[in-house]
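Enquirer: Have a look at this one before I ask anything.
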Amino acid sequence: MSTIAHGAAATVRRKPLAGAALFVTTAVALAVGVALPWLVPTKIAMSLLAQAMFDALLATSVGFLILQNGRVSFGQAAFFGLGGYSVGVLIARHWVAPEVAVLIAIILPTLVAFLLGLVIARITGVAHAMLTLAVGQAFYEVVFRWRELAKGDDGMSFNLPRHLFGLSASGLQDPAVMMVLAWTILVLVLFALALFARSRIGQIAAAIRDNEERARFLGYSTMLPRALVYAIAAFIAAIAGVLSACYNGYIAPQMFHWSVSGFALIMAIIGGAKFIIGPAIGAVVLFYIKDYAGQFAEYWPAIVGIILVVVTLTMPRGVVGLAATLWKMRGR
Amino acid sequence: MFIQILNGIVYGGLLYLLAVGLVLIFGLREVVNFAHGSLFMVGAYLGFTVAAMGYWWGGLLVSVVAMAIVGCMLDAAVFRTLRKQDHIVTVLVTFGILLILETTVTAIWGKAYLTYPVPRLLAGTVDIGSSPFPIYRLFVIAVSVAVALSLSAWLRYTRTGLYIRAASTDARVTAMQGINVDRLSLIVVGLGTALAGLSGVVAGPLLSLSPTMGNYILIDSFIVVVIGGLGSFAGAFAAALLIGQIHNFGAVYLPWASTVLPFLLMVAILIWRPTGFAGSRT
């Protein structure tokens, strides 16, 4: 059986990157991040890259859930939106200090996902996909109808405070700064996820994914590691939501919409959900295809649909999986 | 009050037509068809186009037949090809089909809302108690009741129905008994999507037509299928009626919470019974 959800075992057992290689790769990626303003020529390209990073973070969140829990989520936008709305609403209303608003915006979705994870993680496969879709859409309905919260359907703009964590906050809306920030965060997130996959708890989560009953028989609690993976995934999605909301200075119910979840999932699958870096690669690839397809923007969903169908049928391990296969075949 | 209950049954009936299609397909192929809502939508547009030429009933027929053919193609090209893959792969492909269909419909008919006419035969209202009630809504109830009755009779009393129930319980063992499950699946998936087309046409005059009209009702029918227990026909029927009532009474008495109530109910039921009312086989 070639699978997306269950066949990830081999990848994790093989330990994707050995210790030293992981650190070196991360250091190089961070250095590239610092050099980005000199590498990327125009403001528009910078802005595109920054937004591609938001997509990459969200796709990484979805992919991590597949990789570590074997659960396919159609509702990850719930945590993306919750992060964005928390920071937007709290800053716009001055209820708390902006720094606190950012922290709440990241912690609240994480907590919600942990609690939901305790319930939802028991549901498997196709039912899980339907359930997460419905839960995500419930959040959408709430912000859509609740006009007093943030103007409902119209969305709400908000102004960033002058300073955030002692730094000038206006940088968050400067493409050059946001591009480097989002890149750095993405690299650190991927690094942390790679460490998690190698850690004891990560290995337990993988064991539960492969066979929950067996893991329970071995004496592990299966509830908490799974809920923890949900929380981590939501944490990443929330960061993406906060960055995106701050960069645009605008929040709208569309952040919660199931198409956002669906596209994030598609990015993860196209990139290759069996690899930690796969979803991020998929997001960047898709983002730039979308940019080149500019004049066909109207038909974009259909183009994505066709790419998705082709990729799932011809390369079940995604772009990164294909690259890995080609790499192994070199010189042969 | 009675009128409210009737309105709830109308929406519940539409949900049932969609949900039972999902259940049928799930039974044979163990996949959930994410494109089901967009087939509902395409069915409505096809029916609308024929109805606009003056043949309302012709539109109904065209839509049901066209969607049945699409369903057979879907089964042969996607479900059968991918049957050895993880089911979630198939689900993703149906999601891709959803995107393609929505964009295609937008390209052909545009994004604007369209109004589907009510057939002349069913225009007007009747008095129930002392309040008027559209005849067309009674027709919707009649259609869903007729489908529910004939479907359960078909499944219970015919040989094909017996095979379908057997294959829904265990497709592999059924195939071992010498039954061609692929051919069975062609019938079942075709029937399921034909019901989506029927539901789309019947719902047309009640909802306004737009390329995204299938999404909202798809999610509601997902809730119905999950609450009813994946793969249970009776469960889907009961859950559809329940969600129909909640949808309607919520809209009247608790407008601020109405859209969230079904979700809350679903989460509550899953905590209480993780496999839904009637249990599931996943």
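All residue names refer to the structure tokens as shown: chains lettered A, B, ... in order, residues numbered from 1 in each chain, ligands numbered from 1 in order.
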Excluding same-chain residues fewer than 3 positions from range 125-131 of chain A, what lies within 6 Å of it counting only C-alpha atoms, as a PyMOL selection string?
Expert: chain A and resi 72-74+134
Enquirer: When DSSP works through the backbone of this structure, what residues of range 75-196 of chain B end up as strand (DSSP E or B), shown as a count of residues only?
Expert: 9
Enquirer: Between A:Leu39, A:Val285, A:Ala205, A:Leu313, which one has atoms that come closest to chain B, using only C-alpha atoms?
Expert: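 So, comparing all the options, the nearest one is A:Leu313.
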Enquirer: Identify every residue of chain A that has at least one atom within 10 Å of any atom of chain B, counting only C-alpha atoms, and report the result as a VMD selection string.
Expert: chain A and resid 1 to 7 71 to 72 116 118 to 120 122 to 131 133 to 142 145 to 146 258 to 259 262 to 263 265 to 266 269 298 to 313 316
Enquirer: For a test of reading the model, state the distance in Å between CA of Gly8 in chain B and CA of Ala35 in chain B, rounded to one decimal.
Expert: 25.1 Å
Enquirer: Show which residues sit within 7 Å of range 113-115 of chain A, as number ranges by chain. Count only C-alpha atoms, and ignore same-chain residues fewer than 4 positions away.
Expert: A: 109, 227-228, 230-231, 234
Enquirer: Ser63 in chain B: which residues within 7 Å, counting only C-alpha atoms, same-chain residues fewer than 2 positions away excluded, as a CSV table (one decimal) with C-alpha atoms, in the first residue's frame?
Expert:
```
chain,number,residue,atom,x,y,z
B,43,GLY,CA,-26.7,19.4,-11.1
B,46,LEU,CA,-27.6,22.0,-15.6
B,47,GLY,CA,-31.2,21.8,-14.4
B,59,GLY,CA,-34.1,19.9,-16.4
B,60,LEU,CA,-34.7,17.6,-13.6
B,61,LEU,CA,-34.3,14.6,-15.8
B,65,VAL,CA,-29.0,11.4,-15.8
B,66,ALA,CA,-25.9,13.6,-16.4
B,67,MET,CA,-24.9,13.3,-12.8
B,197,GLY,CA,-28.0,16.0,-9.0
B,198,LEU,CA,-31.6,15.5,-8.0
```
Enquirer: Go ahead and compute the interatomic distance for CA of Ala101 in chain A and CA of Leu224 in chain A, in Å to one decimal.
Expert: 27.4 Å
Enquirer: Run DSSP on the backbone and grab whatever in range 97-197 of chain B lands in alpha helix (DSSP H); send it over as a count of residues only.
Expert: 70
Enquirer: Could you pull the residues within 8 Å of range 183-189 of chain B, counting only C-alpha atoms, minus those fewer than 3 positions along the same chain, as an mmCIF file with C-alpha atoms, in the first residue's frame?
Expert:
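Dumped to around_6.cif:
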```cif
data_model
loop_
_atom_site.group_PDB
_atom_site.id
_atom_site.type_symbol
_atom_site.label_atom_id
_atom_site.label_comp_id
_atom_site.auth_asym_id
_atom_site.auth_seq_id
_atom_site.Cartn_x
_atom_site.Cartn_y
_atom_site.Cartn_z
ATOM 1 C CA GLY B 21 -25.332 9.527 -1.515
ATOM 2 C CA LEU B 24 -23.760 4.810 -0.386
ATOM 3 C CA ILE B 25 -20.379 5.689 -1.844
ATOM 4 C CA LEU B 28 -18.657 0.470 -1.269
ATOM 5 C CA ARG B 29 -15.475 2.469 -1.649
ATOM 6 C CA ALA B 68 -25.381 9.534 -12.876
ATOM 7 C CA GLY B 71 -20.703 9.329 -11.082
ATOM 8 C CA CYS B 72 -20.009 6.222 -13.165
ATOM 9 C CA LEU B 74 -15.843 9.078 -11.312
ATOM 10 C CA ASP B 75 -16.005 5.506 -10.050
ATOM 11 C CA ALA B 76 -14.292 3.986 -13.066
ATOM 12 C CA THR B 160 -28.752 -6.132 -5.944
ATOM 13 C CA TYR B 163 -25.258 -7.489 -2.606
ATOM 14 C CA ILE B 164 -24.829 -3.805 -1.837
ATOM 15 C CA ASN B 180 -18.510 -8.265 -9.051
ATOM 16 C CA GLY B 192 -25.213 8.468 -5.181
ATOM 17 C CA THR B 193 -24.203 11.247 -7.569
#
```
Enquirer: So that I can see what lies close to Met213 in chain B, please list as number ranges by chain the residues with an atom at most 9 Å from it, counting only C-alpha atoms and leaving out residues fewer than 3 positions away in the same chain.
Expert: B: 37-38, 40-41, 207-210, 216-218
Enquirer: Okay, now the selection with N, CA and C atoms, as a short mmCIF file (atom, residue, chain, number, x, y, z; two decimals), in the first residue's frame?
Expert:
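Saved the output as again_30.cif:
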```cif
data_model
loop_
_atom_site.label_atom_id
_atom_site.label_comp_id
_atom_site.auth_asym_id
_atom_site.auth_seq_id
_atom_site.Cartn_x
_atom_site.Cartn_y
_atom_site.Cartn_z
N GLY B 37 -20.68 17.97 -2.99
CA GLY B 37 -21.33 19.27 -2.97
C GLY B 37 -21.24 19.98 -4.31
N SER B 38 -20.11 19.80 -5.02
CA SER B 38 -19.99 20.48 -6.30
C SER B 38 -20.80 19.74 -7.37
N PHE B 40 -23.71 18.43 -6.67
CA PHE B 40 -25.00 19.04 -6.31
C PHE B 40 -25.15 20.38 -7.04
N MET B 41 -24.07 21.17 -6.99
CA MET B 41 -24.08 22.50 -7.61
C MET B 41 -24.17 22.39 -9.13
N LEU B 207 -32.78 27.70 -2.74
CA LEU B 207 -31.55 28.45 -2.52
C LEU B 207 -31.29 29.23 -3.79
N SER B 208 -30.40 30.23 -3.73
CA SER B 208 -30.04 30.85 -4.99
C SER B 208 -28.80 30.16 -5.52
N LEU B 209 -28.70 30.13 -6.85
CA LEU B 209 -27.61 29.40 -7.48
C LEU B 209 -26.32 30.21 -7.47
N SER B 210 -25.24 29.62 -6.99
CA SER B 210 -23.92 30.23 -7.10
C SER B 210 -22.90 29.10 -7.11
N TYR B 216 -21.66 24.93 1.56
CA TYR B 216 -22.34 25.03 2.84
C TYR B 216 -23.13 23.75 3.14
N ILE B 217 -23.87 23.30 2.14
CA ILE B 217 -24.71 22.12 2.36
C ILE B 217 -23.86 20.86 2.44
N LEU B 218 -22.70 20.85 1.78
CA LEU B 218 -21.80 19.70 1.89
C LEU B 218 -21.33 19.54 3.32
#
```
